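*Asks:* Sending over a structure as structure tokens; questions will come in a sec.
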Amino acid sequence: MLDSSPRELTQNPLRKIWMPACRNGHIAQRRVCMTNCPTLIVTVGLPARGKTYISKKLTRYLNWIGVPTKEFNVGQYRRECLKIYKSFEFFRPDNEEGLKIRRQCALAALNDVRQYLSVEGGQVAVFDATNTTRERRSTIVKFAEQNGFKVFFVESVCEDADVIAQNIVQVKLGSPDYIHCNTEEAIEDFMKRIKCYESSYQTLDEVLDRDLSYIKIMDVGRRYLVNRVLDHIQSRIVYYLMNIHITPRSIYLCRHGESDLNTKGRIGGDSGLSARGKEFAKRLGKFIQDQNITDLKVWTSQMKRTIQTAECLEVPYEQWKSLNEIDAGVCEEMMYEEIQEHYPLEFALRDQDKYRYRYPKGESYEDLVQRLEPVMMELERQENVLVICHQAVMRCFLAYFLDKTAEELPYLKCPLHTVLKLTPMAYGCKVESVYLGVDSVNTHRDRPEVGIPGRPPYLPCFTSL
Amino acid sequence: MPRELTQNRIQKIWIPTKDDKPAPRRATGAPHFVNPPTVIVMVGLPARGKTYMSKKLTRYLNWIGMPTKVFNVGEYRREAVKNYSSYDFFKPDNECAVKIRQQCALAALRDVKSYLKDEGGQVAVFDATNTTRERREMILKFGAENSFKIFFIESVCDDPSVIASNIMEVKVSCPDYKDCNKTDAMLDFQRRIECYKTSYQPLDPDQHDRDLSFIKVIDVGRRYLVNRIQDHIQSKIVYYLMNIHVQPRTIYLCRHGESSDNLEGRLGGDAGLSARGKQFSAALARFVEEQQLEDLKVWTSQLCRSIQTAEHLGVPYEQWKALNEIDAGVCEEMTYDEVKEKFPDEFALRDEDKFYYRYPAGESYQDLVQRVEPVIMELERQENVLVVCHQAVMRCLLAYFLDKSADEMPYLKCPLHTVLKLTPVAYGCKVESISLNVEAVNTHRERPEEVKRGPGTLIRRNSVTPLTSPESNIKKPRIDDLDEPPIQEVPPSVASLALCSPSHLPLALAGQHWLGKVCLT
């Protein structure tokens, strides 16, 4: 180990990461290696207990922080297989044909899990199904052992009739299974479906399952039981699950009002608001008042332009340094044309991979996400929040809420003087875009067309799930 | 009319100027988390790690800027009853003793109230067995009367080897047993535990205690039961408790080898190693090998000099951007003389308050603490780790491990070519400083003598300001007259706590070796 002489380092021109010149060898990524072996997250619980909600949200979070994650919903495999759903009878415990099909679907899903984790470079797979019997879970554990995956169970236990009824209304009525039913029929059938599982339900047990790694979520987060957290990623998952909630609320995202540097076409810096920016701030104040929001928290960065904007609201606000705009390093306060002239290579590299590109002595979008993660965690804990931030920062948030990829993130449209109102709904997020009618410069640069064949046309970000 | 903003000269924070006094700093990097103060109440039989968790948690919370203090009822009892005779004191039928113990608990609660209401404390850790419902009821009532939030931390463990190990580690050498030999102490303590067992009513999440907020730590972290987390700070406490462990391990902290910028006396930058820096790296490799560790993780920053140092070790390493040196903003790559010449005001301001001072377009130590917190969290999870970082970053990490305040942190000595070996021991951390005998420039600047530090112009509530966990302030026995306010020295207020350099005294555990001050002053 010590006899080899130290390797020479070169700095990767795009990400500005120092690596040994020959190969990537043992350099892990820019952050601590989350997992050595891949992790299989397995949901457990009766229908309508929020398993798919948790699966999708967790998947979205993990992907956002850079852990390649994918969910595998066995119900979808069943829908592929069966084509037409007739009734709850399919789920009766004595329906042999049904049991056979369901088992095959589970195995097909596990096969795809293996493909994703062992072949396609996935790091976490979320196996979303009821998995309510010890036997089924034991099959999964064996499967994981054979393939060198760690297993972490996430069980949701809830007996609150109101919560269950609400879940059914929110996500089951609109499911493909019930497109031909009216509301009453659908609810009645679904309740019978739940009943089919109840008799064979074996909850994760303190004694019998004491060697498994799991979190049991009770009553939508009132209580948690956490057993044998093995590693960093499981610890992060537990922390995340303990911070999310389902209380209705809205998150408002906007940028600071137009700044003096904006009007000059310069990036970064710490300038104050232009006249139009101040006008926007005033209108933002009025808009917020009209929204009549209970208990609104207002967050800003520590840059003058966001604080000035918040000052116009005349409500208390919190300053977060983590919300500061992306650091453009040596390019701070330059115009794009100047960058192209003085740093043509950097300019080209940025267009090549805008997400991973790090400004010399500055940051990348990738760095930004890491910096923003604690803010995101706190956003999850909060209820009504208005975040007054910056273009790159807002793109990161939007990508999280709207499940956009790293490739899409740096090109999301976040124009000045426009407020995005995000309201969690069903499995995703409704977005309303409100332009407050004050002119401003356009700071958006589209993804360059040249030399990138086969890229899909760019889509605006105002899509709802 | 929106208020005008000016940028505070030291912290570079924009605040409204209309008021005569600076606006209360709700957030310098972190939001205002705690409105009502929180009382953390430990629950559990003796030797279950309550004091260990209390102290560790307190150290963490103070480091992230949440003024926190431990109130250990055992200490109050030792004040009241000067000489501990035997476990008989703890027998449930010892009426006189029961009364004394009750009074001690009340005295401690009074101090809790004083700390949280009058002294700027935000979290008080009430460290006692609190094993009966009756006692916990009393505390809940106390909390309700004073508008404090209550969060219980119960430690449940029935593994005899863990308990025996705890007793050996921290009980046998405690003041109660200073005149006993180890075996007698162990025996007496075990009998002491038995005294509590019959009346022990664990927290019951299903029925009696289902509306309380608590975490039950079972078998030293194998399992956790978490009930009704109310707010951000409770969520962070739970996360922290779930990440710490008691496995023996060692943390090595060192800086990169001397760099070419170091030779020129330049700050920051991204230079490579000098020849001596390379020598150090080779020496470090030999040192690491000699330590004969299983499974050492090596972490570096993303700056060249730190990675180059690690490259010499010939083992895998992880690069963390969060470990990068403090960003000196416009002063990057300047020498101190150049800074003094080009930015004389900034130079002076930095000496005025080095912890809060933020370089223009750069960072402060306070920012660094926030940046480095995820590294601390992961360090807690890990076992043997070598962190190859930088001067300011290393000072931050060291302040966490050695419970140093914000005021001390920027002046901790972290010389080049020296490895600090930290080993958790009892309630704290043993530090060994190992110089690898390769010459290097000295990059340390002492706290300037002539600088007058202004009193509290910077408000520190709710901001990320590491504080040293305050000493216990018990000076006199108080059981004589509970109606009179206790006569005691008024402890320093929070603001000045951060300004003065507290002598860090361990909480009276005879026989413990506190090497925290070795090599750092």
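Going through the structure tokens in order, the chains are called A, B, and so on, while each chain numbers its residues from 1 and the ligands are numbered from 1 in the order shown.
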Identify every residue of chain B that has at least one atom within 8 Å of any atom of chain A, counting only C-alpha atoms, and report the result as JSON, numbers by chain.
*Replies:* {"B": [1, 2, 3, 5, 13, 14, 26, 27, 28, 29, 30, 31, 32, 221, 222, 223, 224, 225, 226, 227, 228, 229, 232, 235, 239, 242, 243, 285, 302, 303, 304, 307, 308, 311, 312, 313, 314, 315, 316, 317, 318, 319, 320, 321, 378, 381]}
*Asks:* Okay, now the selection with N, CA and C atoms, as a tab-separated table (two decimals), in the first residue's frame?
*Replies:*
chain	number	residue	atom	x	y	z
B	1	MET	N	-43.61	52.41	4.54
B	1	MET	CA	-42.33	52.58	3.83
B	1	MET	C	-41.37	51.47	4.28
B	2	PRO	N	-40.83	50.77	3.34
B	2	PRO	CA	-39.90	49.72	3.76
B	2	PRO	C	-38.64	50.33	4.39
B	3	ARG	N	-38.12	49.64	5.36
B	3	ARG	CA	-36.99	50.19	6.08
B	3	ARG	C	-35.72	50.08	5.24
B	5	LEU	N	-31.80	49.34	4.56
B	5	LEU	CA	-30.95	48.28	5.06
B	5	LEU	C	-29.51	48.74	5.11
B	13	ILE	N	-24.28	41.09	7.61
B	13	ILE	CA	-25.70	40.77	7.54
B	13	ILE	C	-26.46	42.07	7.29
B	14	TRP	N	-27.43	42.02	6.39
B	14	TRP	CA	-28.23	43.20	6.09
B	14	TRP	C	-29.33	43.33	7.12
B	26	ARG	N	-32.61	37.20	14.25
B	26	ARG	CA	-33.34	35.95	14.34
B	26	ARG	C	-32.53	34.84	13.68
B	27	ALA	N	-31.98	35.13	12.55
B	27	ALA	CA	-31.34	34.03	11.85
B	27	ALA	C	-30.04	34.47	11.23
B	28	THR	N	-28.97	33.90	11.63
B	28	THR	CA	-27.76	34.10	10.86
B	28	THR	C	-27.42	32.73	10.32
B	29	GLY	N	-28.13	32.41	9.26
B	29	GLY	CA	-27.87	31.12	8.67
B	29	GLY	C	-28.84	30.05	9.12
B	30	ALA	N	-29.46	30.28	10.23
B	30	ALA	CA	-30.41	29.26	10.68
B	30	ALA	C	-31.62	29.96	11.26
B	31	PRO	N	-32.77	29.44	11.06
B	31	PRO	CA	-33.96	30.14	11.54
B	31	PRO	C	-34.13	30.07	13.04
B	32	HIS	N	-35.03	30.85	13.48
B	32	HIS	CA	-35.38	30.96	14.89
B	32	HIS	C	-36.19	29.73	15.25
B	221	GLY	N	-29.44	1.95	21.49
B	221	GLY	CA	-29.64	2.38	20.11
B	221	GLY	C	-30.04	1.30	19.13
B	222	ARG	N	-30.30	0.12	19.62
B	222	ARG	CA	-30.76	-0.90	18.68
B	222	ARG	C	-32.16	-0.54	18.19
B	223	ARG	N	-32.97	-0.02	19.09
B	223	ARG	CA	-34.33	0.36	18.76
B	223	ARG	C	-34.65	1.72	19.33
B	224	TYR	N	-35.57	2.41	18.68
B	224	TYR	CA	-36.04	3.68	19.22
B	224	TYR	C	-37.55	3.73	19.09
B	225	LEU	N	-38.19	4.29	20.11
B	225	LEU	CA	-39.61	4.57	19.99
B	225	LEU	C	-39.74	6.07	20.11
B	226	VAL	N	-40.31	6.70	19.11
B	226	VAL	CA	-40.39	8.15	19.09
B	226	VAL	C	-41.86	8.55	19.10
B	227	ASN	N	-42.25	9.36	20.06
B	227	ASN	CA	-43.66	9.73	20.19
B	227	ASN	C	-43.86	11.23	20.14
B	228	ARG	N	-44.70	11.68	19.24
B	228	ARG	CA	-45.16	13.06	19.19
B	228	ARG	C	-44.05	14.12	19.20
B	229	ILE	N	-43.23	14.11	18.17
B	229	ILE	CA	-42.24	15.18	18.05
B	229	ILE	C	-42.98	16.47	17.76
B	232	HIS	N	-38.91	21.55	15.54
B	232	HIS	CA	-37.63	21.36	14.88
B	232	HIS	C	-36.56	20.84	15.82
B	235	SER	N	-36.92	17.31	16.70
B	235	SER	CA	-36.58	16.48	15.54
B	235	SER	C	-35.06	16.34	15.41
B	239	TYR	N	-32.76	12.95	15.79
B	239	TYR	CA	-31.82	12.57	14.73
B	239	TYR	C	-30.43	12.38	15.31
B	242	MET	N	-30.13	9.28	17.39
B	242	MET	CA	-30.16	8.06	16.59
B	242	MET	C	-28.87	7.85	15.83
B	243	ASN	N	-28.02	8.84	15.80
B	243	ASN	CA	-26.77	8.70	15.06
B	243	ASN	C	-25.56	8.43	15.94
B	285	ALA	N	1.38	8.80	6.35
B	285	ALA	CA	1.10	7.45	5.88
B	285	ALA	C	1.72	6.42	6.84
B	302	GLN	N	-12.24	19.24	-0.78
B	302	GLN	CA	-12.07	19.17	-2.24
B	302	GLN	C	-10.96	20.10	-2.72
B	303	LEU	N	-10.13	20.53	-1.77
B	303	LEU	CA	-9.01	21.38	-2.17
B	303	LEU	C	-7.78	20.52	-2.38
B	304	CYS	N	-7.01	20.91	-3.36
B	304	CYS	CA	-5.89	20.10	-3.83
B	304	CYS	C	-4.95	19.66	-2.71
B	307	ILE	N	-6.26	16.76	-0.70
B	307	ILE	CA	-6.33	15.52	-1.46
B	307	ILE	C	-4.94	14.96	-1.72
B	308	GLN	N	-4.02	15.86	-2.04
B	308	GLN	CA	-2.64	15.42	-2.26
B	308	GLN	C	-2.09	14.71	-1.03
B	311	GLU	N	-3.54	11.34	-0.89
B	311	GLU	CA	-3.01	10.46	-1.95
B	311	GLU	C	-1.79	9.70	-1.47
B	312	HIS	N	-1.02	10.33	-0.60
B	312	HIS	CA	0.18	9.67	-0.09
B	312	HIS	C	-0.14	8.48	0.79
B	313	LEU	N	-1.36	8.43	1.30
B	313	LEU	CA	-1.70	7.34	2.21
B	313	LEU	C	-1.93	6.04	1.47
B	314	GLY	N	-2.24	6.17	0.18
B	314	GLY	CA	-2.46	4.97	-0.61
B	314	GLY	C	-3.69	4.18	-0.21
B	315	VAL	N	-4.65	4.85	0.41
B	315	VAL	CA	-5.91	4.18	0.75
B	315	VAL	C	-7.07	4.97	0.16
B	316	PRO	N	-8.24	4.34	0.03
B	316	PRO	CA	-9.38	5.09	-0.49
B	316	PRO	C	-9.73	6.25	0.43
B	317	TYR	N	-10.21	7.33	-0.15
B	317	TYR	CA	-10.64	8.46	0.66
B	317	TYR	C	-11.87	9.11	0.03
B	318	GLU	N	-12.62	9.84	0.84
B	318	GLU	CA	-13.83	10.53	0.39
B	318	GLU	C	-13.55	12.02	0.36
B	319	GLN	N	-14.01	12.69	-0.67
B	319	GLN	CA	-13.84	14.15	-0.74
B	319	GLN	C	-15.13	14.82	-0.31
B	320	TRP	N	-15.06	15.73	0.62
B	320	TRP	CA	-16.23	16.49	1.06
B	320	TRP	C	-16.00	17.97	0.74
B	321	LYS	N	-16.89	18.56	-0.01
B	321	LYS	CA	-16.78	20.00	-0.25
B	321	LYS	C	-17.00	20.74	1.07
B	378	GLU	N	-22.10	12.80	10.49
B	378	GLU	CA	-21.59	11.56	9.90
B	378	GLU	C	-20.40	11.03	10.71
B	381	ARG	N	-21.66	8.88	13.35
B	381	ARG	CA	-22.07	7.55	12.90
B	381	ARG	C	-20.89	6.62	12.69
*Asks:* When DSSP works through the backbone of this structure, what residues of segment 146-187 of chain B end up as helix (DSSP H, G or I), shown as a list in words?
*Replies:* Asn146, Pro160, Ser161, Val162, Ile163, Ala164, Ser165, Asn166, Ile167, Met168, Glu169, Val170, Lys171, Pro175, Asp176, Tyr177, Lys182, Thr183, Asp184, Ala185, Met186 and Leu187 of chain B
*Asks:* Would you list, as a ChimeraX atom specification, the residues of segment 225-452 of chain A that end up in strand (DSSP E or B) under DSSP run on this structure's backbone?
*Replies:* /A:225-227,251-255,259,266,273,297-300,318-319,335,385-389,418-425,428-435
*Asks:* Contacts of Asp88 of chain B at 12 Å or less, counting only C-alpha atoms, minus same-chain residues fewer than 2 places along, as a PyMOL selection string?
*Replies:* chain B and resi 84-86+90-98+188-196
*Asks:* Pick from A:Ile288, A:Cys37, A:Val44, A:Ile339: nearest to Arg134 of chain A, with only C-alpha atoms counted?
*Replies:*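 Among A:Ile288, A:Cys37, A:Val44, A:Ile339, it is A:Val44 that comes nearest to Arg134 of chain A.
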*Asks:* Of the residues B:Asp407, B:Asp159, B:Glu449, B:Glu380, which is the one nearest to His245 of chain B, using only C-alpha atoms?
*Replies:*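 Of B:Asp407, B:Asp159, B:Glu449, B:Glu380, the one nearest His245 of chain B is B:Glu380, counting only C-alpha atoms.
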*Asks:* Find the spatial neighbours of Glu258 of chain A, counting only C-alpha atoms, within a cut-off of 6 Å - ignore same-chain residues fewer than 2 positions away - and output them as a PyMOL selection string.
*Replies:* chain A and resi 273-274+277
*Asks:* Give me the residues within 10 Å of segment 160-166 of chain A as a PyMOL selection string, counting only C-alpha atoms and dropping any in the same chain fewer than 6 places off.
*Replies:* chain A and resi 47-50+172+187+191+219-220
*Asks:* Could you save those same residues with all heavy atoms as a short mmCIF file (atom, residue, chain, number, x, y, z; two decimals), in the first residue's frame?
*Replies:*
data_model
loop_
_atom_site.label_atom_id
_atom_site.label_comp_id
_atom_site.auth_asym_id
_atom_site.auth_seq_id
_atom_site.Cartn_x
_atom_site.Cartn_y
_atom_site.Cartn_z
N PRO A 47 -53.90 -1.66 2.52
CA PRO A 47 -54.16 -0.64 1.50
C PRO A 47 -54.62 0.66 2.14
O PRO A 47 -55.21 0.66 3.22
CB PRO A 47 -55.29 -1.29 0.67
CG PRO A 47 -55.14 -2.76 0.88
CD PRO A 47 -54.63 -2.92 2.28
N ALA A 48 -54.36 1.74 1.45
CA ALA A 48 -54.77 3.10 1.88
C ALA A 48 -54.09 3.55 3.17
O ALA A 48 -54.64 4.33 3.93
CB ALA A 48 -56.29 3.20 2.01
N ARG A 49 -52.86 3.08 3.36
CA ARG A 49 -52.10 3.54 4.54
C ARG A 49 -50.97 4.49 4.15
O ARG A 49 -50.13 4.78 4.97
CB ARG A 49 -51.53 2.35 5.30
CG ARG A 49 -52.37 1.91 6.49
CD ARG A 49 -53.76 1.58 6.13
NE ARG A 49 -54.53 1.08 7.27
CZ ARG A 49 -55.78 0.67 7.18
NH1 ARG A 49 -56.42 0.71 6.02
NH2 ARG A 49 -56.40 0.23 8.27
N GLY A 50 -50.97 4.93 2.91
CA GLY A 50 -49.96 5.90 2.51
C GLY A 50 -48.66 5.31 2.01
O GLY A 50 -47.67 6.03 1.88
N LYS A 172 -57.50 6.80 -4.46
CA LYS A 172 -57.99 5.52 -4.96
C LYS A 172 -59.09 5.71 -5.98
O LYS A 172 -59.18 5.00 -6.98
CB LYS A 172 -58.48 4.63 -3.81
CG LYS A 172 -57.41 4.31 -2.80
CD LYS A 172 -56.25 3.54 -3.40
CE LYS A 172 -55.20 3.25 -2.34
NZ LYS A 172 -54.01 2.59 -2.93
N ILE A 187 -65.71 3.29 -3.34
CA ILE A 187 -65.36 3.26 -1.91
C ILE A 187 -65.76 1.94 -1.29
O ILE A 187 -64.99 1.30 -0.56
CB ILE A 187 -66.03 4.43 -1.15
CG1 ILE A 187 -65.45 5.75 -1.63
CG2 ILE A 187 -65.83 4.26 0.35
CD1 ILE A 187 -66.03 6.96 -0.94
N MET A 191 -63.12 -0.69 0.36
CA MET A 191 -63.17 -1.09 1.77
C MET A 191 -63.19 -2.62 1.88
O MET A 191 -62.55 -3.20 2.76
CB MET A 191 -64.43 -0.51 2.44
CG MET A 191 -64.46 1.01 2.50
SD MET A 191 -63.09 1.75 3.41
CE MET A 191 -63.58 1.47 5.08
N ASP A 219 -50.03 6.06 12.85
CA ASP A 219 -50.96 7.19 12.84
C ASP A 219 -50.36 8.42 12.17
O ASP A 219 -50.32 9.51 12.75
CB ASP A 219 -51.42 7.54 14.26
CG ASP A 219 -52.28 6.43 14.84
OD1 ASP A 219 -53.01 5.78 14.05
OD2 ASP A 219 -52.22 6.21 16.06
N VAL A 220 -49.93 8.20 10.96
CA VAL A 220 -49.43 9.29 10.12
C VAL A 220 -48.36 10.13 10.81
O VAL A 220 -48.35 11.34 10.71
CB VAL A 220 -50.59 10.22 9.66
CG1 VAL A 220 -50.19 10.93 8.37
CG2 VAL A 220 -51.85 9.43 9.40
#
*Asks:* Identify which of the residues B:Leu296, B:Ala283, B:Leu397, B:Met168 lies closest to His417 of chain B, counting only C-alpha atoms when measuring atom-to-atom distances.
*Replies:* B:Ala283
*Asks:* So how far away is atom CA of Ala144 of chain A from atom CA of Tyr116 of chain A, in Å?
*Replies:*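 Separation of atom CA of Tyr116 of chain A and atom CA of Ala144 of chain A: 13.0 Å.
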*Asks:* Excluding Ser147 of chain B and any residue of its chain fewer than 5 positions from it, enumerate the residues within 12 Å of it, using only C-alpha atoms, and give them as a PyMOL selection string.
*Replies:* chain B and resi 35-39+113+116-117+139-142
*Asks:* Given the selection you just returned, output its residues as a file containing N, CA, C and O atoms, formatted as an mmCIF file, in the first residue's frame.
*Replies:*
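Okay, out-v8.cif is ready:
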data_model
loop_
_atom_site.group_PDB
_atom_site.id
_atom_site.type_symbol
_atom_site.label_atom_id
_atom_site.label_comp_id
_atom_site.auth_asym_id
_atom_site.auth_seq_id
_atom_site.Cartn_x
_atom_site.Cartn_y
_atom_site.Cartn_z
ATOM 1 N N ASN B 35 -39.288 28.790 20.208
ATOM 2 C CA ASN B 35 -39.956 29.897 20.836
ATOM 3 C C ASN B 35 -40.008 29.635 22.324
ATOM 4 O O ASN B 35 -39.246 30.204 23.066
ATOM 5 N N PRO B 36 -40.890 28.739 22.766
ATOM 6 C CA PRO B 36 -40.824 28.433 24.182
ATOM 7 C C PRO B 36 -39.585 27.584 24.435
ATOM 8 O O PRO B 36 -39.203 26.775 23.604
ATOM 9 N N PRO B 37 -38.950 27.775 25.572
ATOM 10 C CA PRO B 37 -37.793 26.948 25.894
ATOM 11 C C PRO B 37 -38.213 25.490 26.089
ATOM 12 O O PRO B 37 -39.384 25.201 26.317
ATOM 13 N N THR B 38 -37.247 24.612 25.997
ATOM 14 C CA THR B 38 -37.531 23.192 26.123
ATOM 15 C C THR B 38 -36.789 22.611 27.309
ATOM 16 O O THR B 38 -35.618 22.909 27.518
ATOM 17 N N VAL B 39 -37.473 21.782 28.067
ATOM 18 C CA VAL B 39 -36.810 21.018 29.113
ATOM 19 C C VAL B 39 -36.744 19.575 28.637
ATOM 20 O O VAL B 39 -37.762 18.946 28.357
ATOM 21 N N LYS B 113 -35.591 26.752 35.832
ATOM 22 C CA LYS B 113 -36.495 27.874 35.547
ATOM 23 C C LYS B 113 -35.692 29.158 35.390
ATOM 24 O O LYS B 113 -35.898 29.930 34.466
ATOM 25 N N LEU B 116 -33.735 29.159 32.069
ATOM 26 C CA LEU B 116 -34.528 29.340 30.864
ATOM 27 C C LEU B 116 -35.230 30.690 30.803
ATOM 28 O O LEU B 116 -35.476 31.229 29.740
ATOM 29 N N LYS B 117 -35.581 31.212 31.981
ATOM 30 C CA LYS B 117 -36.345 32.459 31.965
ATOM 31 C C LYS B 117 -35.460 33.690 32.054
ATOM 32 O O LYS B 117 -35.739 34.696 31.436
ATOM 33 N N ILE B 139 -42.918 17.241 37.034
ATOM 34 C CA ILE B 139 -42.144 17.992 36.043
ATOM 35 C C ILE B 139 -43.054 18.552 34.955
ATOM 36 O O ILE B 139 -42.884 19.689 34.500
ATOM 37 N N LEU B 140 -44.038 17.770 34.543
ATOM 38 C CA LEU B 140 -44.974 18.252 33.519
ATOM 39 C C LEU B 140 -45.730 19.467 34.023
ATOM 40 O O LEU B 140 -45.947 20.442 33.289
ATOM 41 N N LYS B 141 -46.106 19.416 35.281
ATOM 42 C CA LYS B 141 -46.817 20.555 35.854
ATOM 43 C C LYS B 141 -45.899 21.772 35.867
ATOM 44 O O LYS B 141 -46.311 22.877 35.511
ATOM 45 N N PHE B 142 -44.664 21.543 36.280
ATOM 46 C CA PHE B 142 -43.671 22.611 36.291
ATOM 47 C C PHE B 142 -43.532 23.211 34.891
ATOM 48 O O PHE B 142 -43.488 24.430 34.715
#
*Asks:* Could you give me, as a list in words, the residues within 7 Å of Ser433 of chain A, counting only C-alpha atoms and dropping anything in the same chain fewer than 2 positions from it?
*Replies:*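 Near neighbours after the sequence-gap exclusion: Thr418, Val419, Leu420, Lys421, Val431 and Tyr435 of chain A.
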*Asks:* Pull N, CA and C atoms from the residues just selected and write them as a PDB file, in the first residue's frame.
*Replies:*
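What landed in selection-v2.pdb:
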ATOM      1  N   THR A 418     -42.591  36.772 -10.605  1.00  0.00           N
ATOM      2  CA  THR A 418     -43.610  35.737 -10.728  1.00  0.00           C
ATOM      3  C   THR A 418     -43.561  34.857  -9.497  1.00  0.00           C
ATOM      4  N   VAL A 419     -44.722  34.620  -8.902  1.00  0.00           N
ATOM      5  CA  VAL A 419     -44.786  33.770  -7.709  1.00  0.00           C
ATOM      6  C   VAL A 419     -45.335  32.406  -8.095  1.00  0.00           C
ATOM      7  N   LEU A 420     -44.674  31.360  -7.641  1.00  0.00           N
ATOM      8  CA  LEU A 420     -45.215  30.017  -7.866  1.00  0.00           C
ATOM      9  C   LEU A 420     -45.822  29.532  -6.555  1.00  0.00           C
ATOM     10  N   LYS A 421     -47.097  29.133  -6.637  1.00  0.00           N
ATOM     11  CA  LYS A 421     -47.757  28.613  -5.438  1.00  0.00           C
ATOM     12  C   LYS A 421     -47.855  27.103  -5.579  1.00  0.00           C
ATOM     13  N   VAL A 431     -49.208  23.291  -9.159  1.00  0.00           N
ATOM     14  CA  VAL A 431     -48.460  24.537  -9.297  1.00  0.00           C
ATOM     15  C   VAL A 431     -49.337  25.608  -9.910  1.00  0.00           C
ATOM     16  N   TYR A 435     -48.161  35.911 -12.088  1.00  0.00           N
ATOM     17  CA  TYR A 435     -47.275  36.988 -12.509  1.00  0.00           C
ATOM     18  C   TYR A 435     -47.820  38.287 -11.923  1.00  0.00           C
TER      19      TYR A 435
END
*Asks:* With only C-alpha atoms as the basis for distance, which of B:Val388, B:Lys12, B:Pro175, B:Ala124 is at the shortest distance from Glu79 of chain B?
*Replies:*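 Closest residue, counting only C-alpha atoms: B:Pro175.
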